[in-house]
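Report on the structure given below.
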Amino acid sequence: MHLRTFIVGVSCIVILICIASDNVNGLNNGLVRTPPMGWMAWERFRCVTDCETFPDDCISEKLFMDMADRMAADGWRDAGYEYINIDDCWMAMERVNGSLVGDPKRFPHGIKYLADYIHSKGLKFGIYEDYGTKTCGGYPGSEGYESVDAKTFADWGVDYLKFDGCYSNATAKRAGYPLMGKALNATGRPIAYSCSWPAYLGGLPPKVNYTELEILCNLWRNYGDIQDSWSDVLDIVDWWGTNQDVLVAAAGPGHFNDPDMIIVGDYALSYDQSKVQFGMWAILAAPLFMSNDLRTISDEAKSILQNKYVIAINQDAAGIQGKRYINSNSKIQGWSRPLERGQFAVAILSTRTDGFPHKFTYTLSQLNITTSSHYMLYDVYDGQPAALHGVLDNITLYLNPNGIKMYFVAPTSLRRRHNEDMGIL
Ligand code: GLA
């Protein structure tokens with residue numbers, strides 16, 4: 001063998017070993033190929049710890065078991081929702097022999113019991129911790145305990161960790177988020193890893209290195225907390241549109257941006273506004289974590305959240321995040337998201353408040369949809385008959401105030417297969 005061939009061969013082997021070991025150091029769990037779907041306590045149930053006054057709503061094993069029951073019995077699990085996630089305020093205020101434990105009054109059987117119960121319903125179990133000295137709610141943080149806590153979570157059967165960022169500075173976070181990722185990998189249990197890191201750094205470069213995040217985390221909160229508020233939904237959609245070049249580039253199978261929880265079914269949103277949030281989260285390839293009360297949710301909210309076409313758009317295997325192409329000063333936005341096999345999803349959104357349906361005309365080409373000359377458009381919320389359009393055709397629709405129209409857009413060559421896939425016949 002020539003010396004040169006030998007050297008090239010050896011260096012290739014070294015490089016491969018380096019890449020392999022780097023992967024072992026980074027996130028290497030093969031999870032979250034599509035945005036995760038489930039239920040998360042925080043936005044709706046916060047840090048209510050007074051179970052005497054609020055027996056049904058306090059952060060306790062009862063709450064999560066109730067939600068698991070509803071998820072399994074009311075069609076949520078079958079629609080694709082699989083995680084039940086505890087958020088803050090589940091712990092005892094002190095570690096026991098260095099380990100985290102659930103609050104003994106509110107979780108009397110311990111966290112593993114709850115995890116087992118959730119698993120017995122065919123669901124997955126998520127938990128919350130924080131890289132800092134304390135969680136945002138003031139409970140014990142993981143800083144300095146990464147391996148111990150990762151092992152505790154794996155022993156309990158945790159499937160997902162939301163890792164928050166209160167009570168640590170930027171330098172500590174830079175060390176801590178990779179450290180926890182490594183610790184989770186080292187347990188050998190597949191645990192989806194959600195990092196709140198960028199949300200604490202302003203969400204965008206130069207402070208956030210999204211390329212690094214893609215390797216370290218399965219998803220990450222980029223922006224502030226959603227409250228039960230329509231203006232928050234609009235603010236988030238607008239921030240995602242304004243910063244889409246950075247955000248779209250960072251998203252893909254295994255690594256997604258997270259605009260925070262779904263508030264459909266809570267107090268603030270109207271029927272139309274609820275369709276907007278759910279539809280836009282699908283266009284954004286966002287995690288679909290509902291934070292609502294599944295015991296009392298209205299049929300109207302349920303029908304939106306279980307809309308199989310919107311869910312299919314959200315769960316598209318290509319994992320490409322959508323973009324805003326129209327942002328008119330008449331308060332209409334046009335978004336599109338490329339899907340597998342040359343398909344697209346389209347959302348036309350009105351933020352108008354002038355009281356009657358607004359007439360709007362657009363073309364598919366304005367939304368960057370031009371690969372085929374003609375497409376079939378299926379209205380995913382209102383179930384109108386499918387319509388055939390060329391990419392330059394003017395398409396006119398009427399948008400309710402604070403309303404959305406959403407379409408599955410399939411090239412005509414795919415029409416048959418698409419119909420079968422989507423159950424639209
Ligand atoms: C932060 C997070 C929220 C929630 C709370 C809990 O604010 O962004 O999603 O987890 O902490 O204290």
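Ligands are numbered from 1 in the order shown, chains are lettered A, B, ... in the order of the structure tokens, and residues start at 1 in each chain.
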Closest atom pairs, chain A residues within 7 Å of ligand 1, only C-alpha atoms and all ligand atoms, as CSV:
```
residue,atom,partner,partner_atom_place_in_ligand_line,distance
A:Trp42,CA,ligand 1,4 (C),5.8
A:Asp87,CA,ligand 1,10 (O),5.6
A:Asp88,CA,ligand 1,6 (C),4.7
A:Thr135,CA,ligand 1,12 (O),6.5
A:Cys136,CA,ligand 1,12 (O),4.2
A:Gly137,CA,ligand 1,12 (O),4.5
A:Asp164,CA,ligand 1,2 (C),6.3
A:Gly224,CA,ligand 1,8 (O),6.7
A:Asp225,CA,ligand 1,8 (O),5.2
```
Please produce a file of those selected residues containing N, CA and C atoms, as an mmCIF file, in the first residue's frame.
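Result saved to selection_31.cif:
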```
data_model
loop_
_atom_site.group_PDB
_atom_site.id
_atom_site.type_symbol
_atom_site.label_atom_id
_atom_site.label_comp_id
_atom_site.auth_asym_id
_atom_site.auth_seq_id
_atom_site.Cartn_x
_atom_site.Cartn_y
_atom_site.Cartn_z
ATOM 1 N N TRP A 42 -48.547 23.453 32.343
ATOM 2 C CA TRP A 42 -48.234 24.793 32.839
ATOM 3 C C TRP A 42 -49.254 25.892 32.549
ATOM 4 N N ASP A 87 -45.216 19.958 34.493
ATOM 5 C CA ASP A 87 -44.345 21.136 34.391
ATOM 6 C C ASP A 87 -43.780 21.429 35.776
ATOM 7 N N ASP A 88 -43.582 22.664 36.096
ATOM 8 C CA ASP A 88 -42.928 23.049 37.358
ATOM 9 C C ASP A 88 -43.778 22.652 38.583
ATOM 10 N N THR A 135 -35.676 25.926 40.041
ATOM 11 C CA THR A 135 -36.601 26.044 38.907
ATOM 12 C C THR A 135 -37.221 27.444 38.959
ATOM 13 N N CYS A 136 -37.958 27.803 37.917
ATOM 14 C CA CYS A 136 -38.575 29.136 37.911
ATOM 15 C C CYS A 136 -39.528 29.286 39.092
ATOM 16 N N GLY A 137 -40.141 28.196 39.518
ATOM 17 C CA GLY A 137 -41.057 28.244 40.660
ATOM 18 C C GLY A 137 -40.353 28.122 42.007
ATOM 19 N N ASP A 164 -35.700 23.884 31.712
ATOM 20 C CA ASP A 164 -35.891 25.334 31.747
ATOM 21 C C ASP A 164 -34.581 26.042 32.121
ATOM 22 N N GLY A 224 -40.954 34.080 24.514
ATOM 23 C CA GLY A 224 -41.594 34.200 25.830
ATOM 24 C C GLY A 224 -42.739 33.215 26.059
ATOM 25 N N ASP A 225 -43.210 33.176 27.293
ATOM 26 C CA ASP A 225 -44.298 32.267 27.675
ATOM 27 C C ASP A 225 -45.626 32.722 27.085
#
```
(message) Need to verify the contact set: Val246 of chain A, 12 Å, only C-alpha atoms, exclusion of same-chain residues closer than 2 positions in sequence. Can you return it as a list in words?
(response)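 Answer for this query is Gly203, Leu204, Pro205, Pro206, Val208, Asn209, Tyr210, Thr211, Asn222, Trp239, Trp240, Gly241, Thr242, Asn243, Gln244, Val248, Ala249, Ala250, Ala251, Asn257, Gln321 and Lys323 of chain A.
Between atom CA of Gly279 of chain A and atom CA of Met376 of chain A there is a distance of 19.0 Å.
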Exercise: Asn307 of chain A partners within 9 Å, only C-alpha atoms, chain neighbours under 6 positions left out, as a PDB file with N, CA and C atoms, in the first residue's frame:
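After the write, around_11.pdb holds the following:
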```pdb
ATOM      1  N   ALA A  79     -55.767  10.321  18.102  1.00  0.00           N
ATOM      2  CA  ALA A  79     -55.528  11.417  17.151  1.00  0.00           C
ATOM      3  C   ALA A  79     -54.037  11.754  17.044  1.00  0.00           C
ATOM      4  N   VAL A 380     -59.206  22.364   4.847  1.00  0.00           N
ATOM      5  CA  VAL A 380     -59.075  21.387   5.934  1.00  0.00           C
ATOM      6  C   VAL A 380     -59.996  21.671   7.118  1.00  0.00           C
ATOM      7  N   TYR A 381     -60.461  22.895   7.276  1.00  0.00           N
ATOM      8  CA  TYR A 381     -61.372  23.173   8.392  1.00  0.00           C
ATOM      9  C   TYR A 381     -62.833  23.081   7.956  1.00  0.00           C
TER      10      TYR A 381
END
```
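Closest approach to Leu114 of chain A from the set A:Glu61, A:Asp66, A:Glu143, A:Asp159 is made by A:Glu61, with distances taken over only C-alpha atoms.
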(message) Using DSSP secondary structure from the backbone, list all alpha helix (DSSP H) positions within segment 96-143 of chain A, as an MDAnalysis selection string.
(response) chainID A and resid 111:120
(request) Show which residues sit within 10 Å of Phe356 of chain A, as JSON, numbers by chain. Count only C-alpha atoms, and ignore same-chain residues fewer than 5 positions away. (result) {"A": [398, 399, 400, 401]}
Please produce a file of those selected residues containing C-alpha atoms, as a compact mmCIF listing (two decimals), in the first residue's frame.
```
# COMPACT_ATOMS: atom_id res chain seq x y z
CA TYR A 398 -63.72 35.38 2.54
CA LEU A 399 -61.98 35.57 5.89
CA ASN A 400 -63.76 36.01 9.20
CA PRO A 401 -62.30 38.66 11.52
```
(request) Run DSSP on the backbone and grab whatever in segment 288-404 of chain A lands in strand (DSSP E); send it over as an NGL selection string. (result) :A and (288-290 or 323-327 or 332-338 or 344-350 or 358-362 or 374-379 or 387-390 or 395-399 or 404)
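For the pair atom CA of Gln277 of chain A and atom CA of Val237 of chain A, the separation is 8.7 Å.
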Determine, counting only C-alpha atoms, which protein, DNA and RNA residues have an atom within 12 Å of an atom of Gln366 of chain A; residues of the same chain fewer than 3 positions away are not included. Present the result as a PDB file with C-alpha atoms, in the first residue's frame.
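Ended up saving to out-v4.pdb:
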```pdb
ATOM      1  CA  LYS A 323     -42.977  30.716   5.922  1.00  0.00           C
ATOM      2  CA  ARG A 324     -44.950  33.914   5.603  1.00  0.00           C
ATOM      3  CA  TYR A 325     -45.029  35.228   2.027  1.00  0.00           C
ATOM      4  CA  ILE A 326     -47.852  37.762   2.256  1.00  0.00           C
ATOM      5  CA  ASN A 327     -48.038  40.345   5.020  1.00  0.00           C
ATOM      6  CA  GLN A 333     -51.090  37.189   6.046  1.00  0.00           C
ATOM      7  CA  GLY A 334     -50.367  34.346   3.609  1.00  0.00           C
ATOM      8  CA  TRP A 335     -48.271  31.408   4.780  1.00  0.00           C
ATOM      9  CA  SER A 336     -47.238  28.171   3.120  1.00  0.00           C
ATOM     10  CA  VAL A 346     -51.512  27.037   2.972  1.00  0.00           C
ATOM     11  CA  ILE A 348     -54.479  32.685   4.888  1.00  0.00           C
ATOM     12  CA  THR A 361     -57.585  37.364  -3.547  1.00  0.00           C
ATOM     13  CA  TYR A 362     -54.216  35.656  -3.899  1.00  0.00           C
ATOM     14  CA  THR A 363     -52.340  33.272  -6.179  1.00  0.00           C
ATOM     15  CA  ILE A 369     -45.977  27.276  -4.788  1.00  0.00           C
ATOM     16  CA  THR A 370     -44.879  26.779  -8.380  1.00  0.00           C
ATOM     17  CA  VAL A 391     -50.458  28.571  -9.851  1.00  0.00           C
ATOM     18  CA  LEU A 392     -51.251  31.937 -11.434  1.00  0.00           C
ATOM     19  CA  ASP A 393     -55.041  31.757 -10.963  1.00  0.00           C
ATOM     20  CA  ASN A 394     -56.622  34.380  -8.757  1.00  0.00           C
ATOM     21  CA  ILE A 395     -58.146  32.592  -5.775  1.00  0.00           C
TER      22      ILE A 395
END
```
(request) Quick one: everything within 9 Å of Lys134 of chain A, counting only C-alpha atoms, minus sequence neighbours fewer than 4 positions away in the same chain. Send it as JSON, numbers by chain. (result) {"A": [129, 130, 138, 139, 140, 141, 142, 143, 166, 167, 168]}
(request) Have a look at atom CA of Ser298 of chain A and atom CA of Leu269 of chain A and let me know their distance in Å, one decimal. (result)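 Rounded to one decimal, the two atoms are 12.4 Å apart.
Counting only C-alpha atoms and comparing A:Gly252, A:Gly132, A:Gly355, A:Gly188, the residue that lies closest to Cys217 of chain A is A:Gly252.
Nearest-residue note for Phe153 of chain A: choosing from A:Ile111, A:Val409, A:Met290, A:Cys195, the minimum distance belongs to A:Ile111, counting only C-alpha atoms.
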